[in-house]
Amino acid sequence: MSNTLQSKIDGIQFPIKSGKKTPSTTDTAKKILYAALKSVDSPYASQLKAEKNWRKKYPVYFQELVKSGITSVNHPLLIAQHGLDTAKELFRFHRETEQSSLQQAMVNISDQPFESYVLKGSGPSAVQPWFIPFGGKKLQGQALSDQIDHWETQRIIEPSHAKALRLLQAHPEWFDLSARTMVLFGAASEAGPLSWLAKWRANIVAIDLPHPKIWEKITQTIQQGNATLIAPQITLANGDKQLGANLLTQTPEIANWLNTFTETLDLAGIAYLDGEKHVRVSIAMISIMEQVSLQKPDSSIMFMLTPTDIYAIPKAVVQSIQQNIKQRPILEKFLTRSIHNISLSNFFQSNTKQLIESDNGQQYGISDCMVIEQGPNYALAKRLQQWFAISTRARGQKTVINIAPSTTTHSVVKNPILKAAFSGADLFKVETFSPETTNAIMAALWVHDLNNPDSATNPEKSLEHPLELIMENANHGGLWHVPYLARTALPFAAAYGWIRAKF
């Protein structure tokens with residue numbers, strides 16, 4: 001086998017069914033979701049097995065996962081464990097001519113080829129004050145308080161998110177991260193917290209691909225601040241040093257290297273790749289976190305979620321949606337009802353779902369903001385992250401998993417439909433954020449969750465339902481409160497955004 005061909009199949013891969021030559025992402029996803037649904041005796045499990053139109057119908061099964069999760073406080077963990085266990089068994093790890101399950105590879109490969117490259121920032125030594133860049137301004141003090149109030153009043157953010165931002169204003173001492181060692185998987189990520197951690201004296205363990213441009217960006221960011229960078233480095237055959245590591249092909253080695261650290265680690269899974277690679281990089285990050293957590297059970301976990309997904313939501317949000325429906329202008333009611341009828345109910349479907357009873361005596365709703373254009377691989381990747389977070393908190397680890405707002409990152413706006421829809425989202429009172437605004441908010445939320453003992457992140461804090469871990473601190477940009485199912489209004493937001501951009 002040629003080296004080029006071999007390099008293409010090295011590392012974590014989807015499984016190939018017997019008799020087939022290429023892997024099926026659909027078959028793998030259906031097996032994972034089947035195991036998750038079967039664990040709670042969902043009638044949708046058998047329906048999923050027979051599903052012929054997965055790429056159009058997949059939101060139905062993701063919604064059922066959430067609905068089944070709501071009905072019992074025991075269900076989210078059951079769903080998470082069975083879904084993750086199946087994923088770990090299915091995914092393969094290729095190395096030269098050998099292959100095994102990913103789970104076996106993580107245990108059997110004990111190599112550790114990395115040295116630790118260390119770089120200290122040469123910027124001002126004091127912790128730099130936090131602010132939120134927004135609308136061309138640096139919001140601090142009263143201006144930031146006013147903006148937080150506005151976002152909360154307009155239901156762009158949930159009250160718990162607003163409360164967290166106010167607490168951050170009141171506790172500037174939290175931003176001194178000199179005692180923390182924070183691992184960033186996908187350190188150069190456009191929506192990641194690197195630029196802020198670099199100003200807050202953090203010890204940053206950066207993991208990203210061994211590409212010179214990536215490391216030029218990372219090292220320049222560190223040099224301008226007061227943080228310390230620790231990065232994996234290998235010595236090449238010609239004696240040159242190379243920074244970086246590949247999450248997909250060096251998964252066991254990265255875990256082994258992290259286990260050489262004596263410090264408690266805060267592990268952040270922020271790497272993103274397009275298409276089916278996003279599933280593979282998610283299971284890579286989870287596998288590394290799992291291996292590190294076995295050695296370092298006091299490690300914390302962090303993921304960022306997207307608002308364009310399906311979530312359990314508090315009863316108060318459902319009541320807000322119902323109120324929004326009643327308060328729509330007469331012209332909007334007439335137009336949306338007409339379009340809904342003409343389109344045979346395909347457009348402007350109602351976002352009101354009846355409340356679902358849980359066995360904890362509470363009622364919850366479902367927010368379905370899943371966007372078909374993002375695809376089932378994206379949905380599965382984010383679900384795996386949710387499942388791992390639910391599992392780690394249940395076993396006593398501090399677990400940060402916050403919904404970040406829709407953000408105009410390159411990976412999103414390169415899709416012309418999503419770019420236009422983001423541009424026209426304010427038609428439905430939805431706000432999209434620039435990357436610099438999202439970075440400032442989400443980096444600070446991580447700091448909040450690591451420091452505030454009353455955060456849902458803290459496994460010692462009792463939650464009425466495990467899914468409240470994900471409900472808390474949500475910054476959905478207003479999507480949860482839209483009276484229409486997001487994907488049935490998306491074409492009109494896109495048309496509005498396209499027309500506005502042109503004229």
# chains A, B, ... in the order shown; residues from 1 in each chain; ligands from 1
>>> residues_around(residues="A:Asn475", least_positions_apart="5", cutoff="8 Å", atoms="only C-alpha atoms", output="VMD selection string")
chain A and resid 156 to 158 161 307 402 to 405
>>> closest_atom_pairs(of="stretch 278-316 of chain A", to="stretch 233-254 of chain A", cutoff="12 Å", atoms="only C-alpha atoms", output="Markdown table")
| residue | atom | partner | partner_atom | distance |
| --- | --- | --- | --- | --- |
| A:His278 | CA | A:Leu248 | CA | 10.3 |
| A:Val279 | CA | A:Leu248 | CA | 10.5 |
| A:Arg280 | CA | A:Leu248 | CA | 7.0 |
| A:Val281 | CA | A:Leu248 | CA | 6.1 |
| A:Ser282 | CA | A:Leu247 | CA | 9.4 |
| A:Ile283 | CA | A:Leu248 | CA | 9.1 |
| A:Ala284 | CA | A:Leu247 | CA | 6.2 |
| A:Met285 | CA | A:Leu247 | CA | 7.2 |
| A:Ile286 | CA | A:Thr251 | CA | 10.1 |
| A:Ser287 | CA | A:Thr251 | CA | 7.7 |
| A:Ile288 | CA | A:Thr251 | CA | 6.6 |
| A:Met289 | CA | A:Ile254 | CA | 10.0 |
| A:Glu290 | CA | A:Pro252 | CA | 10.9 |
| A:Gln291 | CA | A:Pro252 | CA | 8.5 |
| A:Val292 | CA | A:Ile254 | CA | 9.6 |
>>> write_last_selection(atoms="N, CA and C atoms", output="mmCIF file, in the first residue's frame")
data_model
loop_
_atom_site.group_PDB
_atom_site.id
_atom_site.type_symbol
_atom_site.label_atom_id
_atom_site.label_comp_id
_atom_site.auth_asym_id
_atom_site.auth_seq_id
_atom_site.Cartn_x
_atom_site.Cartn_y
_atom_site.Cartn_z
ATOM 1 N N HIS A 278 -16.045 15.917 11.684
ATOM 2 C CA HIS A 278 -16.460 16.497 12.964
ATOM 3 C C HIS A 278 -16.862 15.396 13.950
ATOM 4 N N VAL A 279 -17.486 14.343 13.452
ATOM 5 C CA VAL A 279 -17.821 13.203 14.313
ATOM 6 C C VAL A 279 -16.530 12.548 14.798
ATOM 7 N N ARG A 280 -15.596 12.365 13.891
ATOM 8 C CA ARG A 280 -14.339 11.679 14.252
ATOM 9 C C ARG A 280 -13.512 12.493 15.244
ATOM 10 N N VAL A 281 -13.475 13.822 15.051
ATOM 11 C CA VAL A 281 -12.677 14.623 15.985
ATOM 12 C C VAL A 281 -13.381 14.723 17.339
ATOM 13 N N SER A 282 -14.707 14.645 17.340
ATOM 14 C CA SER A 282 -15.440 14.650 18.618
ATOM 15 C C SER A 282 -15.155 13.375 19.407
ATOM 16 N N ILE A 283 -15.190 12.220 18.739
ATOM 17 C CA ILE A 283 -14.925 10.966 19.437
ATOM 18 C C ILE A 283 -13.445 10.889 19.833
ATOM 19 N N ALA A 284 -12.576 11.569 19.084
ATOM 20 C CA ALA A 284 -11.157 11.640 19.457
ATOM 21 C C ALA A 284 -10.991 12.414 20.759
ATOM 22 N N MET A 285 -11.615 13.593 20.839
ATOM 23 C CA MET A 285 -11.504 14.420 22.042
ATOM 24 C C MET A 285 -12.086 13.688 23.248
ATOM 25 N N ILE A 286 -13.226 13.035 23.045
ATOM 26 C CA ILE A 286 -13.872 12.284 24.126
ATOM 27 C C ILE A 286 -12.977 11.144 24.599
ATOM 28 N N SER A 287 -12.365 10.437 23.659
ATOM 29 C CA SER A 287 -11.498 9.300 24.012
ATOM 30 C C SER A 287 -10.285 9.760 24.807
ATOM 31 N N ILE A 288 -9.706 10.891 24.411
ATOM 32 C CA ILE A 288 -8.555 11.431 25.146
ATOM 33 C C ILE A 288 -8.984 11.875 26.538
ATOM 34 N N MET A 289 -10.097 12.603 26.605
ATOM 35 C CA MET A 289 -10.605 13.058 27.906
ATOM 36 C C MET A 289 -10.881 11.878 28.835
ATOM 37 N N GLU A 290 -11.432 10.811 28.268
ATOM 38 C CA GLU A 290 -11.741 9.609 29.049
ATOM 39 C C GLU A 290 -10.467 8.999 29.625
ATOM 40 N N GLN A 291 -9.447 8.886 28.780
ATOM 41 C CA GLN A 291 -8.192 8.280 29.199
ATOM 42 C C GLN A 291 -7.492 9.132 30.263
ATOM 43 N N VAL A 292 -7.517 10.448 30.076
ATOM 44 C CA VAL A 292 -6.902 11.353 31.047
ATOM 45 C C VAL A 292 -7.675 11.326 32.364
#
>>> select_by_dssp(residues="stretch 26-63 of chain A", states="helix (DSSP H, G or I)", output="ChimeraX atom specification")
/A:26-38,44-50,54-63
>>> write_last_selection(atoms="C-alpha atoms", output="tab-separated table (two decimals), in the first residue's frame")
chain	number	residue	atom	x	y	z
A	26	THR	CA	-25.46	6.84	8.02
A	27	ASP	CA	-25.20	3.22	9.11
A	28	THR	CA	-22.90	4.16	12.02
A	29	ALA	CA	-25.10	7.04	13.17
A	30	LYS	CA	-28.22	4.89	13.08
A	31	LYS	CA	-26.53	2.15	15.14
A	32	ILE	CA	-25.43	4.68	17.77
A	33	LEU	CA	-28.86	6.31	18.03
A	34	TYR	CA	-30.58	2.91	18.00
A	35	ALA	CA	-28.57	1.81	21.05
A	36	ALA	CA	-29.39	5.08	22.81
A	37	LEU	CA	-33.13	4.89	22.10
A	38	LYS	CA	-33.32	1.16	22.83
A	44	TYR	CA	-38.71	4.99	17.78
A	45	ALA	CA	-35.80	2.54	18.02
A	46	SER	CA	-37.42	0.01	15.68
A	47	GLN	CA	-38.64	2.80	13.38
A	48	LEU	CA	-35.06	4.10	13.14
A	49	LYS	CA	-33.79	0.72	11.99
A	50	ALA	CA	-36.19	0.81	9.04
A	54	TRP	CA	-32.05	9.42	7.14
A	55	ARG	CA	-30.67	12.68	5.73
A	56	LYS	CA	-34.09	14.34	5.77
A	57	LYS	CA	-35.67	12.58	8.74
A	58	TYR	CA	-32.79	12.52	11.24
A	59	PRO	CA	-34.20	15.43	13.35
A	60	VAL	CA	-37.18	13.19	14.25
A	61	TYR	CA	-34.88	10.77	16.09
A	62	PHE	CA	-32.79	13.45	17.77
A	63	GLN	CA	-36.00	15.00	19.04
>>> atom_distance(atom1="atom CA of A:Leu197", atom2="atom CA of A:Asn256")
24.4 Å
>>> closest_residue(among="A:Gly19, A:Gly365, A:Pro453, A:Gly135", to="A:Trp480", atoms="only C-alpha atoms")
A:Gly365
>>> atom_distance(atom1="atom CA of A:Tyr378", atom2="atom CA of A:Thr308")
10.3 Å
>>> closest_atom_pairs(of="stretch 226-251 of chain A", to="stretch 98-120 of chain A", cutoff="6 Å", atoms="only C-alpha atoms", output="JSON lines")
{"residue": "A:Thr228", "atom": "CA", "partner": "A:Lys120", "partner_atom": "CA", "distance": 4.4}
{"residue": "A:Leu229", "atom": "CA", "partner": "A:Leu119", "partner_atom": "CA", "distance": 5.0}
{"residue": "A:Ile230", "atom": "CA", "partner": "A:Val118", "partner_atom": "CA", "distance": 4.7}
{"residue": "A:Ala231", "atom": "CA", "partner": "A:Tyr117", "partner_atom": "CA", "distance": 5.1}
{"residue": "A:Pro232", "atom": "CA", "partner": "A:Ser116", "partner_atom": "CA", "distance": 5.2}
{"residue": "A:Gln233", "atom": "CA", "partner": "A:Glu115", "partner_atom": "CA", "distance": 5.1}
{"residue": "A:Ile234", "atom": "CA", "partner": "A:Phe114", "partner_atom": "CA", "distance": 5.2}
>>> select_by_dssp(residues="stretch 152-358 of chain A", states="strand (DSSP E)", output="ChimeraX atom specification")
/A:181-185,203-207,228-235,241-243,265-269,300-305,310-314,356-357
>>> residues_around(residues="A:Gln81", least_positions_apart="4", cutoff="9 Å", atoms="only C-alpha atoms", output="list of chain:residue names")
A:Ala36, A:Pro76, A:Leu77, A:Asp85, A:Thr86, A:Trp387, A:Phe388, A:Ser391
>>> residues_around(residues="A:Pro297", least_positions_apart="4", cutoff="10 Å", atoms="only C-alpha atoms", output="VMD selection string")
chain A and resid 264 to 265 290 to 293 392 395 to 398
>>> write_last_selection(atoms="N, CA, C and O atoms", output="compact mmCIF listing (two decimals), in the first residue's frame")
# COMPACT_ATOMS: atom_id res chain seq x y z
N THR A 264 -3.60 19.33 37.81
CA THR A 264 -5.00 19.10 37.46
C THR A 264 -5.27 19.80 36.13
O THR A 264 -4.82 20.94 35.92
N LEU A 265 -5.98 19.14 35.22
CA LEU A 265 -6.20 19.69 33.89
C LEU A 265 -7.67 20.07 33.68
O LEU A 265 -8.57 19.35 34.11
N GLU A 290 -11.43 10.81 28.27
CA GLU A 290 -11.74 9.61 29.05
C GLU A 290 -10.47 9.00 29.62
O GLU A 290 -10.40 8.66 30.81
N GLN A 291 -9.45 8.89 28.78
CA GLN A 291 -8.19 8.28 29.20
C GLN A 291 -7.49 9.13 30.26
O GLN A 291 -6.95 8.60 31.24
N VAL A 292 -7.52 10.45 30.08
CA VAL A 292 -6.90 11.35 31.05
C VAL A 292 -7.68 11.33 32.36
O VAL A 292 -7.09 11.32 33.45
N SER A 293 -9.00 11.27 32.26
CA SER A 293 -9.83 11.27 33.47
C SER A 293 -9.63 10.01 34.32
O SER A 293 -9.79 10.05 35.54
N THR A 392 -19.78 12.52 32.56
CA THR A 392 -18.69 12.95 33.44
C THR A 392 -19.24 13.65 34.68
O THR A 392 -18.72 13.46 35.78
N ARG A 395 -20.47 11.14 37.22
CA ARG A 395 -19.46 10.41 37.97
C ARG A 395 -18.62 11.33 38.86
O ARG A 395 -17.63 10.91 39.44
N GLY A 396 -19.02 12.62 38.94
CA GLY A 396 -18.40 13.51 39.91
C GLY A 396 -17.36 14.48 39.37
O GLY A 396 -16.66 15.12 40.16
N GLN A 397 -17.27 14.61 38.04
CA GLN A 397 -16.31 15.56 37.48
C GLN A 397 -16.99 16.91 37.23
O GLN A 397 -18.16 16.97 36.83
N LYS A 398 -16.23 17.98 37.42
CA LYS A 398 -16.73 19.31 37.07
C LYS A 398 -16.87 19.37 35.55
O LYS A 398 -15.91 19.06 34.82
